[in-house]
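Enquirer: Before I ask anything, here is the structure I am working with.
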Amino acid sequence: MTDLRTLYDQRVADGTLAPDPAQEAVLPEFDRIRNALLNPEKKGFFKRAPEPPKGLYLWGGVGRGKSMLMDMFANNMGGIPARRVHFHAFMQEIHSAMHEARKTGVDDAIAPVAADVAASVKVLAFDEMQITDITDAMIVGRLFQALFAAGVVVVTTSNRIPDDLYKDGLNRQLFLPFIELIKEKMVVWELTSPRDYRQDRLAGSQSYFTPVNAESRAAMDAVWDDLTGGDGEELTLRVKGRDVVIPQFRNGIARAGFHALCGQPLGAADYLSLAEACRVLLLDNIPSLGRANFNEAKRFVTLIDALYEAKVRLICSAAASPEMLYLEGEGTFEFERTASRLREMQAEGWGG
């Protein structure tokens with residue numbers, strides 16, 4: 001079976017990838033995990049099953065190729081049952097499964113849920129591990145302890161070093177044992193590539209399309225296809241007991257229509273959670289704003305503030321230029337700042 005180094009070299013040779021020493025350096029870690037699972041060596045007089053290999057916590061700046069490498073790994077596991085899933089989506093599934101387990105009267109809902117996960121996979125490949133929700137923070141340690149005990153190997157990407165997970169979070173001291181568990185069960189590796197491939201792909205490209213018509217819709221589709229290959233799945237963010245649904249999501253790139261984000265009763269906490277989850281947002285069909293849709297306009301201002309502060313790259317289609325979006329009604333003066341930010345967010349190199 002082809003190892004990851006060979007697959008990587010093949011993609012460099014055919015021009016799919018550019019050679020990157022930082023990416024190449026971590027390939028043996030992926031192969032270490034895959035080889036240990038494909039060829040387990042039983043040890044000892046009684047030939048006990050071997051300990052599972054350590055997983056991998058791959059962290060670094062956005063656009064460095066972490067998700068690409070993990071996709072390559074997860075898609076070439078042979079007969080090893082593996083699942084690749086965004087961390088937010090996985091935790092949403094866990095909360096739902098625990099809710100169902102409690103209906104059966106169990107004292108500890110985590111145990112049966114973890115057992116079900118461990119029965120279905122040998123490898124869990126997470127994209128974008130980050131903890132922002134206190135309910136996640138309170139259960140993730142015990143959940144992963146059970147998964148590791150059952151022999152599940154975890155591979156994850158993150159923009160943050162483990163010590164910065166759930167930083168400044170409520171009751172963070174209760175979360176610290178999980179950080180130590182990560183260090184014990186996973187190799188922590190920083191991907192230090194100097195290149196931001198995501199920015200490279202967006203460099204010099206248009207990010208604000210107006211007016212909203214067939215041409216701008218086609219342009220937005222082309223950007224989405226280029227960044228994601230056209231693949232995306234619904235992502236549900238759990239925020240203060242509410243579900244915030246992002247219609248399309250892939251590798252830190254989100255896409256939604258204006259109505260999905262600003263036509264619903266969402267607030268700052270929801271938009272901050274979105275800004276945490278994505279590094280690029282494609283926002284379709286921003287309408288002209290004014291008295292008739294004042295509430296939607298207020299939410300749009302809050303959304304832009306959250307994206308701006310988090311340095312999220314915004315690509316959008318709109319009915320008019322930023323300065324012409326909001327021409328009448330209460331709040332026109334305040335919207336000048338939003339228009340200014342929209343202009344700034346179109347600048348070359350914007351975003352983290």
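Following the order of the structure tokens, first chain is A, next is B, and so on, with residues numbered from 1 inside each chain and ligands from 1 in the order they appear.
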Show me, as an mmCIF file with C-alpha atoms, in the first residue's frame, the residues that have an atom within 10 Å of Asn35 in chain A when counting only C-alpha atoms, minus same-chain residues fewer than 3 positions from it.

Expert:
data_model
loop_
_atom_site.group_PDB
_atom_site.id
_atom_site.type_symbol
_atom_site.label_atom_id
_atom_site.label_comp_id
_atom_site.auth_asym_id
_atom_site.auth_seq_id
_atom_site.Cartn_x
_atom_site.Cartn_y
_atom_site.Cartn_z
ATOM 1 C CA MET A 1 0.000 0.000 0.000
ATOM 2 C CA ASP A 3 2.746 5.431 1.962
ATOM 3 C CA GLU A 29 4.261 10.886 11.692
ATOM 4 C CA PHE A 30 1.227 10.026 9.582
ATOM 5 C CA ASP A 31 2.969 6.949 8.194
ATOM 6 C CA ARG A 32 3.993 5.912 11.722
ATOM 7 C CA LEU A 38 -1.899 -1.881 9.452
ATOM 8 C CA ASN A 39 0.810 -4.141 10.898
ATOM 9 C CA PRO A 40 0.246 -4.495 14.641
ATOM 10 C CA PRO A 53 0.154 4.164 18.506
ATOM 11 C CA MET A 77 -6.163 4.071 5.446
#

Enquirer: Could you name the residues that touch range 304-313 of chain A at 8 Å or less, counting only C-alpha atoms, but leaving out those on the same chain fewer than 5 positions away, as an MDAnalysis selection string?

Expert: chainID A and resid 268 271:272 275:276 278:281 338 341:342 345 350:352

Enquirer: Skipping near chain neighbours, those fewer than 6 positions away, what residues fall within 10 Å of Gly141 in chain A using only C-alpha atoms, listed as a PyMOL selection string?

Expert: chain A and resi 147+174-182

Enquirer: My list of candidates is A:Leu143, A:Ile253, A:Ala214, A:Leu303. Which is closest to Asp231 in chain A when distances are computed with only C-alpha atoms?

Expert: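 Smallest distance to Asp231 in chain A is found for A:Ile253.
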
Enquirer: Return the single residue from A:Gly151, A:Gly60, A:Pro322, A:Gly232 that is closest to Gly252 in chain A, with distances computed using only C-alpha atoms.

Expert: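 Among A:Gly151, A:Gly60, A:Pro322, A:Gly232, it is A:Gly232 that comes nearest to Gly252 in chain A.
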
Enquirer: Using only C-alpha atoms, find each residue of range 69-185 of chain A with at least one atom at most 12 Å away from an atom of range 17-24 of chain A; report its shortest atom-to-atom pair and that distance in Å (one decimal), sort the rows by chain and rising residue number, and return the result as a tab-separated table.

Expert:
residue	atom	partner	partner_atom	distance
A:Leu69	CA	A:Gln23	CA	7.8
A:Met70	CA	A:Gln23	CA	11.0
A:Met72	CA	A:Gln23	CA	12.0

Enquirer: Could you tell me how far CA of Glu128 in chain A sits from CA of Val12 in chain A, in Å to one decimal place?

Expert: 25.0 Å

Enquirer: Taking the DSSP secondary structure from the backbone, can you list the residues of range 126-347 of chain A that are helix (DSSP H, G or I), as a ChimeraX atom specification?

Expert: /A:134-149,162-164,172-174,176-185,197-202,214-228,258-262,268-277,291-309,322-324,332-344

Enquirer: Would you please work out which residue, of A:Asp116, A:Glu190, A:Asp136, A:Asp225, is nearest to Ser158 in chain A when using only C-alpha atoms?

Expert: A:Glu190

Enquirer: Per DSSP on the backbone, filter range 171-234 of chain A down to the residues in strand (DSSP E) and report them as number ranges by chain.

Expert: A: 186-190, 208-209, 233-234
